[in-house]
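Student: The structure that follows is given in the form of structure tokens.
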Amino acid sequence: STLVDLDADNDDKSGIRAQADYVVKAEGFSTTGGVYMSTAQKGTAFSDQDYAALGFHLQAGYLIDGRYQPVARYAMINPEGSDNNLQEVLGGLSIYFFHHGLKWQNEAGALISESAAGNQTDIVARSQLQLSF
């Protein structure tokens with residue numbers, strides 16, 4: 001997919017965003033991934049586009065016994081500048097009840113921020129309950 005902001009209002013804030021992604025599901029295995037890119041206007045003309053950010057994600061999981069789904073995820077984004085990457089390394093477990101009518105989803109892992117001032121790692125743990133009817 002692509003989104004193009006043509007700067008029709010002449011505020012010199014045009015840009016281009018593009019992505020390519022996929023989903024594969026087969027025999028209990030699932031994987032998703034995507035690559036994302038954006039530019040931003042750096043001058044007074046639309047053609048003055050410059051790199052703004054690049055990122056990607058990759059996630060995989062396997063459904064066991066129709067009820068338990070362990071997953072792993074890695075994602076990275078590199079905003080403008082080579083010293084400020086953001087990374088996400090997560091593992092998770094989803095448990096399905098009533099044939100996917102109720103799902104309890106849990107994940108934990110590290111969020112890694114790189115900057116000129118140094119690296120910082122935050123530990124995150126999230127849990128959610130989802131009801132479908």
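Chain labels A, B, ... are given in the sequence in which chains occur in the structure tokens; within each chain residues are numbered consecutively from 1, and ligands are likewise numbered from 1 in the order shown.
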Please list as a ChimeraX atom specification every residue within 12 Å of Gly33 (chain A), counting only C-alpha atoms and excluding residues in the same chain fewer than 4 positions away.
Tutor: /A:19-24,55-60,72-76
Student: List the neighbours of region 102-118 of chain A out to 10 Å using only C-alpha atoms; skip same-chain residues closer than 2 positions along the sequence, and give me the result as a PDB file with C-alpha atoms, in the first residue's frame.
Tutor:
```
ATOM      1  CA  ARG A  67      -6.376 -23.877  22.321  1.00  0.00           C
ATOM      2  CA  TYR A  68      -2.827 -22.690  23.117  1.00  0.00           C
ATOM      3  CA  GLN A  69      -0.800 -20.412  20.854  1.00  0.00           C
ATOM      4  CA  PRO A  70       2.774 -19.449  21.738  1.00  0.00           C
ATOM      5  CA  VAL A  71       4.097 -16.569  19.615  1.00  0.00           C
ATOM      6  CA  ALA A  72       7.342 -14.670  19.035  1.00  0.00           C
ATOM      7  CA  ARG A  73       7.709 -11.178  17.577  1.00  0.00           C
ATOM      8  CA  TYR A  74      10.575  -8.939  16.474  1.00  0.00           C
ATOM      9  CA  ALA A  75      10.098  -5.402  15.199  1.00  0.00           C
ATOM     10  CA  MET A  76      12.449  -2.527  14.420  1.00  0.00           C
ATOM     11  CA  ILE A  77      11.985   1.053  13.310  1.00  0.00           C
ATOM     12  CA  ASN A  78      14.769   3.403  12.264  1.00  0.00           C
ATOM     13  CA  GLY A  81      19.243   9.381  11.906  1.00  0.00           C
ATOM     14  CA  SER A  82      21.291   6.248  12.383  1.00  0.00           C
ATOM     15  CA  ASP A  83      21.556   6.440  16.188  1.00  0.00           C
ATOM     16  CA  ASN A  84      17.919   6.197  17.237  1.00  0.00           C
ATOM     17  CA  ASN A  85      16.626   2.720  16.396  1.00  0.00           C
ATOM     18  CA  LEU A  86      13.683   1.296  18.312  1.00  0.00           C
ATOM     19  CA  GLN A  87      13.408  -2.491  18.676  1.00  0.00           C
ATOM     20  CA  GLU A  88      10.790  -4.813  20.134  1.00  0.00           C
ATOM     21  CA  VAL A  89      11.527  -8.416  21.120  1.00  0.00           C
ATOM     22  CA  LEU A  90       8.467 -10.176  22.548  1.00  0.00           C
ATOM     23  CA  GLY A  91       7.154 -13.617  23.356  1.00  0.00           C
ATOM     24  CA  GLY A  92       3.575 -14.409  24.141  1.00  0.00           C
ATOM     25  CA  LEU A  93       0.891 -16.960  24.813  1.00  0.00           C
ATOM     26  CA  SER A  94      -2.762 -16.848  23.809  1.00  0.00           C
ATOM     27  CA  ILE A  95      -5.322 -19.212  25.309  1.00  0.00           C
ATOM     28  CA  TYR A  96      -8.633 -19.739  23.492  1.00  0.00           C
ATOM     29  CA  PHE A  97     -11.873 -20.710  25.232  1.00  0.00           C
ATOM     30  CA  PHE A  98     -15.233 -21.632  23.657  1.00  0.00           C
ATOM     31  CA  HIS A  99     -13.797 -22.157  20.148  1.00  0.00           C
ATOM     32  CA  HIS A 100     -12.155 -18.701  19.972  1.00  0.00           C
ATOM     33  CA  GLN A 120      17.763   1.966  27.190  1.00  0.00           C
ATOM     34  CA  THR A 121      15.901  -1.318  27.613  1.00  0.00           C
ATOM     35  CA  ASP A 122      12.406  -1.351  29.061  1.00  0.00           C
ATOM     36  CA  ILE A 123      10.690  -4.576  30.066  1.00  0.00           C
ATOM     37  CA  VAL A 124       7.017  -4.764  29.150  1.00  0.00           C
ATOM     38  CA  ALA A 125       4.291  -7.230  30.135  1.00  0.00           C
ATOM     39  CA  ARG A 126       0.750  -6.966  28.793  1.00  0.00           C
ATOM     40  CA  SER A 127      -2.405  -9.030  29.195  1.00  0.00           C
ATOM     41  CA  GLN A 128      -5.803  -8.660  27.596  1.00  0.00           C
ATOM     42  CA  LEU A 129      -9.074 -10.543  27.457  1.00  0.00           C
ATOM     43  CA  GLN A 130     -11.060 -10.534  24.221  1.00  0.00           C
ATOM     44  CA  LEU A 131     -14.685 -11.605  23.860  1.00  0.00           C
ATOM     45  CA  SER A 132     -16.284 -12.385  20.482  1.00  0.00           C
ATOM     46  CA  PHE A 133     -19.976 -12.973  19.898  1.00  0.00           C
TER      47      PHE A 133
END
```
Student: Could you give me, as a count of residues only, the residues within 10 Å of Ala26 (chain A), counting only C-alpha atoms and dropping anything in the same chain fewer than 4 positions from it?
Tutor: 3
Student: Return as a ChimeraX atom specification the full set of residues in chain A whose backbone-based DSSP assignment is strand (DSSP E).
Tutor: /A:2-5,15-26,29-41,49-62,68-79,86-97,102-115,118-131
Student: Pick out the residues sitting within 10 Å of region 6-11 of chain A, and hand them over as a list in words; count only C-alpha atoms, and ignore anything fewer than 2 positions along from it in its own chain.
Tutor: Leu3, Val4, Lys13, Ser14, Gly15, Ile16, Gln41, Thr44, Ala45, Phe46 and Ser47 of chain A
